[in-house]
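Please read the structure below before turning to the comments.
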Amino acid sequence: MGIEDFIEKFAFAIEMEPAALAADTDFKALENWDSLNTLSIIAMADADYDVAISGDDILNSRTISDLMKTIQERKA
Amino acid sequence: MNAIAGIAMRGVAAAVPTKIARTSEYEVLSPEERQRLQKATGIGAHRMSPPDQCTSDLCQAAAEHLLEHLGWARDSVGALILLTQTPDQPIPATSIVLQDKLGLSTKCIAFDINLGCSAYPYGLATVASLMLTLNIPRALMLMGDISRVCEYKDRTAWPLFGDAGSATALELDPVAPPIHLDLMSDGAGRNVIIIPGGGLASRLPPGDEPIQAVPGNDGVPRRPGNLLLRGADIFSFAITKVPSSIERTLAAAGKTSAEVDFLVLHQANKMINDTIAKKARFGADVSLSTLADYGNTSSASIPLTLCAHASHFDRDRLIAACGFGVGLSWGTALLTVPAGSVLPVIESDHVY
């Protein structure tokens, strides 16, 4: 699981351009972030990585890279 | 897993109130947010009961309509079971009140079951088992909920839930095809959908201060009797645990998804339901939905969705009915819906 690939999937899930996001983006501070995006990210983790993440997993991740680590750990 | 033979579905009816609340008119959200919510959830509107209408009223309207259609004598109904999260009062059970209001015999067994989104498969399992064990020829299975437990300002709950009541008629029939069932529970998720107040666990010392709304972590003020919904956790649960329940049921029946005429999911939201249908290998065209017009109607969602598609049931249909949510509780029933047994949705603001 590479960070570029993850950012691309993350961006697609929340309907943003990948170029607007980076590994250290504080994603919950994004202007268009809302609770529906949380659902999109859970769906992405399930569909693309076959990993179940909770609302708290997203709440406890600050950056996109934090969330990728959580998914990686869950997958291992 | 398990199958019940010898019980036939004879009819399904559903009733909704006339007042329509549109997502596009929900004042708590900006017009852009309303659009976004509608697109993601698929919920365009829901029905709202008048302030004095209760679960019993909508279920009674559906039951009266169904009994009339079937021509069943009132004293021929041996059991009346109501599955609801919003009974008329804590005690007595609303089903017992309905035994009297519907003019059923005092020999009729009546009790409530505290289940919501998973009500349909659980209700079929319970009522069919009871009928077979106690030799009850005819039974009514009622399901309904009223969404007044949601705080209007709660954008995570209020725009999603609608009001509806339903009635399903079941009859002993030695040649009825088997009903295959898969039923699951996980109380570790009890806080995911909860009304924290109203029970003895949460009751404040009596006679103290008036009940007040307290802002939650999300800033939404809720009273202890309001519904609290953790949408992200429900979503995660639903897409990971529910498809396998459908698969187990099909496997037990020796069927594939292609042999099932319709998938009838509890109507949670479009993202959840589309994901479950896809993972369980059902095409979007066979997954019936009423989200656009009625939203999430809790225990009534599966029978209401059948009734809203009554014209599809002009011949015998094999359906997978799958409910999931509050508890957590989930399950699937694979059953045959006989031709002509599904009645179109009726409207009722009646208070009996």
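Labeling convention for the structure tokens: chains A, B, ... as they appear, residues from 1 per chain, ligands from 1 in order of appearance.
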Query - Distance filter 9 Å, only C-alpha atoms, chain A against chain B, as a PyMOL selection string - result: chain A and resi 35-36+38-40+42-43+46-47+50-56
Report task. Please provide the set of residues having any atom within 7 Å of B:Ile113, restricted to only C-alpha atoms, with same-chain residues fewer than 2 positions apart removed, written as a ChimeraX atom specification. Result -> /B:82-84,111,115
Restrict the selected residues to C-alpha atoms and save them as a compact mmCIF listing (two decimals), in the first residue's frame.
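The new file selection04.txt reads:
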# COMPACT_ATOMS: atom_id res chain seq x y z
CA LEU B 82 -45.97 -6.37 17.31
CA LEU B 83 -42.31 -5.62 16.68
CA THR B 84 -41.48 -2.00 17.46
CA PHE B 111 -47.07 -9.51 23.02
CA LEU B 115 -36.63 -4.94 17.68
**Report entry** Residues near stretch 53-59 of chain B, cut-off 9 Å, only C-alpha atoms, skip fewer than 5 positions along chain, as a VMD selection string
**Finding:** chain B and resid 14 to 17 64 82 84 86 to 88 94 to 95 97 to 98 142 to 146 163 to 167 347 to 352
Report summary line: Restricting to only C-alpha atoms, whichever of B:Asp112, B:Ala45, B:Ser299, B:Ala125 is closest to B:Gln89 is B:Asp112
Query raised in the report: What's the 10 Å shell around stretch 20-25 of chain B, counting only C-alpha atoms, without same-chain residues fewer than 2 positions away, as a ChimeraX atom specification?
Result: /B:16-18,27-38,42-49,158-160,162,292-295
Query - DSSP strand (DSSP E or B) residues within stretch 25-185 of chain B, as a VMD selection string - result: chain B and resid 45 to 48 79 to 83 109 to 113 138 to 145 161 164 to 172 179 to 185
Could you take the residues named above and write them with C-alpha atoms, as an mmCIF file, in the first residue's frame?
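Result written to out-v3.cif:
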data_model
loop_
_atom_site.group_PDB
_atom_site.id
_atom_site.type_symbol
_atom_site.label_atom_id
_atom_site.label_comp_id
_atom_site.auth_asym_id
_atom_site.auth_seq_id
_atom_site.Cartn_x
_atom_site.Cartn_y
_atom_site.Cartn_z
ATOM 1 C CA ALA B 45 -38.719 12.695 1.764
ATOM 2 C CA HIS B 46 -40.273 10.946 4.730
ATOM 3 C CA ARG B 47 -43.765 10.796 6.183
ATOM 4 C CA MET B 48 -44.672 12.377 9.519
ATOM 5 C CA ALA B 79 -51.726 -14.499 17.606
ATOM 6 C CA LEU B 80 -50.930 -10.787 17.265
ATOM 7 C CA ILE B 81 -47.257 -9.956 17.630
ATOM 8 C CA LEU B 82 -45.972 -6.372 17.314
ATOM 9 C CA LEU B 83 -42.309 -5.620 16.679
ATOM 10 C CA ILE B 109 -51.861 -14.469 22.062
ATOM 11 C CA ALA B 110 -50.454 -10.904 22.071
ATOM 12 C CA PHE B 111 -47.069 -9.508 23.024
ATOM 13 C CA ASP B 112 -44.463 -7.011 21.784
ATOM 14 C CA ILE B 113 -40.917 -7.645 20.647
ATOM 15 C CA ARG B 138 -53.653 -17.757 11.679
ATOM 16 C CA ALA B 139 -51.494 -14.923 12.987
ATOM 17 C CA LEU B 140 -50.870 -11.226 12.381
ATOM 18 C CA MET B 141 -47.340 -9.888 12.571
ATOM 19 C CA LEU B 142 -47.311 -6.098 12.992
ATOM 20 C CA MET B 143 -44.361 -3.768 12.619
ATOM 21 C CA GLY B 144 -44.264 -0.018 12.934
ATOM 22 C CA ASP B 145 -42.374 2.924 14.337
ATOM 23 C CA PHE B 161 -36.450 8.602 9.673
ATOM 24 C CA ALA B 164 -45.072 3.788 8.990
ATOM 25 C CA GLY B 165 -47.030 0.813 10.235
ATOM 26 C CA SER B 166 -47.533 -2.597 8.663
ATOM 27 C CA ALA B 167 -49.311 -5.920 8.984
ATOM 28 C CA THR B 168 -48.317 -9.325 7.621
ATOM 29 C CA ALA B 169 -50.770 -12.252 7.683
ATOM 30 C CA LEU B 170 -49.397 -15.760 8.182
ATOM 31 C CA GLU B 171 -51.276 -19.058 8.044
ATOM 32 C CA LEU B 172 -50.486 -22.700 8.745
ATOM 33 C CA ILE B 179 -38.697 -20.070 4.988
ATOM 34 C CA HIS B 180 -34.909 -20.063 5.364
ATOM 35 C CA LEU B 181 -33.523 -17.895 8.136
ATOM 36 C CA ASP B 182 -30.245 -16.473 9.416
ATOM 37 C CA LEU B 183 -30.433 -14.462 12.661
ATOM 38 C CA MET B 184 -27.586 -12.656 14.452
ATOM 39 C CA SER B 185 -27.001 -10.355 17.469
#
**Report entry** Residues near A:Glu8, cut-off 9 Å, only C-alpha atoms, skip fewer than 4 positions along chain, as a count of residues only
**Finding:** 8
Query - alpha helix (DSSP H) positions in stretch 163-243 of chain B, given as number ranges by chain - result: B: 231-243
With C-alpha atoms retained, write the just-selected residues as a short mmCIF file (atom, residue, chain, number, x, y, z; two decimals), in the first residue's frame.
data_model
loop_
_atom_site.label_atom_id
_atom_site.label_comp_id
_atom_site.auth_asym_id
_atom_site.auth_seq_id
_atom_site.Cartn_x
_atom_site.Cartn_y
_atom_site.Cartn_z
CA GLY B 231 -23.91 6.75 11.46
CA ALA B 232 -20.29 5.86 10.73
CA ASP B 233 -20.37 2.83 13.00
CA ILE B 234 -23.71 1.65 11.60
CA PHE B 235 -22.28 1.98 8.13
CA SER B 236 -19.15 0.00 9.01
CA PHE B 237 -21.24 -2.73 10.69
CA ALA B 238 -23.75 -2.96 7.86
CA ILE B 239 -21.33 -3.30 4.97
CA THR B 240 -19.05 -5.79 6.75
CA LYS B 241 -21.54 -8.06 8.58
CA VAL B 242 -24.76 -8.03 6.57
CA PRO B 243 -23.76 -9.42 3.13
#
Report task. For B:Glu247, please output as a PyMOL selection string all residues within 9 Å (counting only C-alpha atoms; exclusion window: fewer than 4 positions along the same chain). Result -> chain B and resi 242-243+251-252+256-257+280
Mind checking which residues fall within 12 Å of B:Gly225, counting only C-alpha atoms, ignoring those fewer than 3 positions away in the same chain, and posting them as an mmCIF file with N, CA and C atoms, in the first residue's frame?
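Written output follows (out.cif):
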data_model
loop_
_atom_site.group_PDB
_atom_site.id
_atom_site.type_symbol
_atom_site.label_atom_id
_atom_site.label_comp_id
_atom_site.auth_asym_id
_atom_site.auth_seq_id
_atom_site.Cartn_x
_atom_site.Cartn_y
_atom_site.Cartn_z
ATOM 1 N N THR B 86 -40.875 1.799 19.261
ATOM 2 C CA THR B 86 -41.613 2.952 19.776
ATOM 3 C C THR B 86 -43.044 2.544 20.128
ATOM 4 N N SER B 147 -41.195 8.325 14.345
ATOM 5 C CA SER B 147 -39.860 8.944 14.415
ATOM 6 C C SER B 147 -39.795 10.181 15.307
ATOM 7 N N ARG B 148 -40.865 10.430 16.082
ATOM 8 C CA ARG B 148 -40.845 11.627 16.959
ATOM 9 C C ARG B 148 -39.753 11.559 18.017
ATOM 10 N N VAL B 149 -39.119 10.403 18.168
ATOM 11 C CA VAL B 149 -38.001 10.279 19.121
ATOM 12 C C VAL B 149 -36.756 11.008 18.622
ATOM 13 N N CYS B 150 -36.779 11.482 17.371
ATOM 14 C CA CYS B 150 -35.626 12.225 16.842
ATOM 15 C C CYS B 150 -35.806 13.719 17.085
ATOM 16 N N GLU B 151 -34.737 14.355 17.542
ATOM 17 C CA GLU B 151 -34.721 15.808 17.747
ATOM 18 C C GLU B 151 -34.621 16.494 16.372
ATOM 19 N N ILE B 194 -29.264 4.228 19.940
ATOM 20 C CA ILE B 194 -29.781 4.092 21.307
ATOM 21 C C ILE B 194 -30.668 5.276 21.684
ATOM 22 N N ILE B 195 -31.721 4.986 22.437
ATOM 23 C CA ILE B 195 -32.458 6.019 23.163
ATOM 24 C C ILE B 195 -32.058 5.816 24.616
ATOM 25 N N PRO B 196 -31.142 6.668 25.137
ATOM 26 C CA PRO B 196 -30.573 6.352 26.451
ATOM 27 C C PRO B 196 -31.557 6.501 27.606
ATOM 28 N N GLY B 197 -32.538 7.377 27.448
ATOM 29 C CA GLY B 197 -33.451 7.644 28.567
ATOM 30 C C GLY B 197 -34.706 6.802 28.531
ATOM 31 N N GLY B 198 -35.467 6.832 29.627
ATOM 32 C CA GLY B 198 -36.776 6.201 29.635
ATOM 33 C C GLY B 198 -36.817 4.848 30.303
ATOM 34 N N GLY B 199 -35.662 4.200 30.442
ATOM 35 C CA GLY B 199 -35.613 2.908 31.123
ATOM 36 C C GLY B 199 -35.057 3.084 32.515
ATOM 37 N N SER B 202 -31.377 4.478 33.317
ATOM 38 C CA SER B 202 -30.999 5.885 33.153
ATOM 39 C C SER B 202 -31.897 6.836 33.924
ATOM 40 N N ARG B 203 -32.903 6.278 34.584
ATOM 41 C CA ARG B 203 -33.921 7.180 35.167
ATOM 42 C C ARG B 203 -33.307 8.033 36.272
ATOM 43 N N ILE B 211 -36.600 17.794 32.682
ATOM 44 C CA ILE B 211 -35.736 17.165 31.673
ATOM 45 C C ILE B 211 -35.224 18.237 30.718
ATOM 46 N N GLN B 212 -33.910 18.247 30.512
ATOM 47 C CA GLN B 212 -33.320 19.261 29.641
ATOM 48 C C GLN B 212 -32.526 18.620 28.516
ATOM 49 N N ALA B 213 -32.415 19.362 27.427
ATOM 50 C CA ALA B 213 -31.570 18.912 26.327
ATOM 51 C C ALA B 213 -30.123 19.248 26.661
ATOM 52 N N VAL B 214 -29.237 18.268 26.444
ATOM 53 C CA VAL B 214 -27.810 18.458 26.709
ATOM 54 C C VAL B 214 -27.059 18.251 25.398
ATOM 55 N N PRO B 221 -28.113 19.382 20.642
ATOM 56 C CA PRO B 221 -28.783 19.203 21.931
ATOM 57 C C PRO B 221 -29.824 18.080 21.858
ATOM 58 N N ARG B 222 -29.718 17.101 22.768
ATOM 59 C CA ARG B 222 -30.693 16.011 22.792
ATOM 60 C C ARG B 222 -31.202 15.811 24.212
ATOM 61 N N LEU B 228 -30.237 8.503 19.453
ATOM 62 C CA LEU B 228 -28.854 8.850 19.127
ATOM 63 C C LEU B 228 -28.341 7.824 18.126
#
Query raised in the report: Between atom CA of B:Val326 and atom CA of B:Ile193, what is the spacing in Å?
Result: 5.3 Å
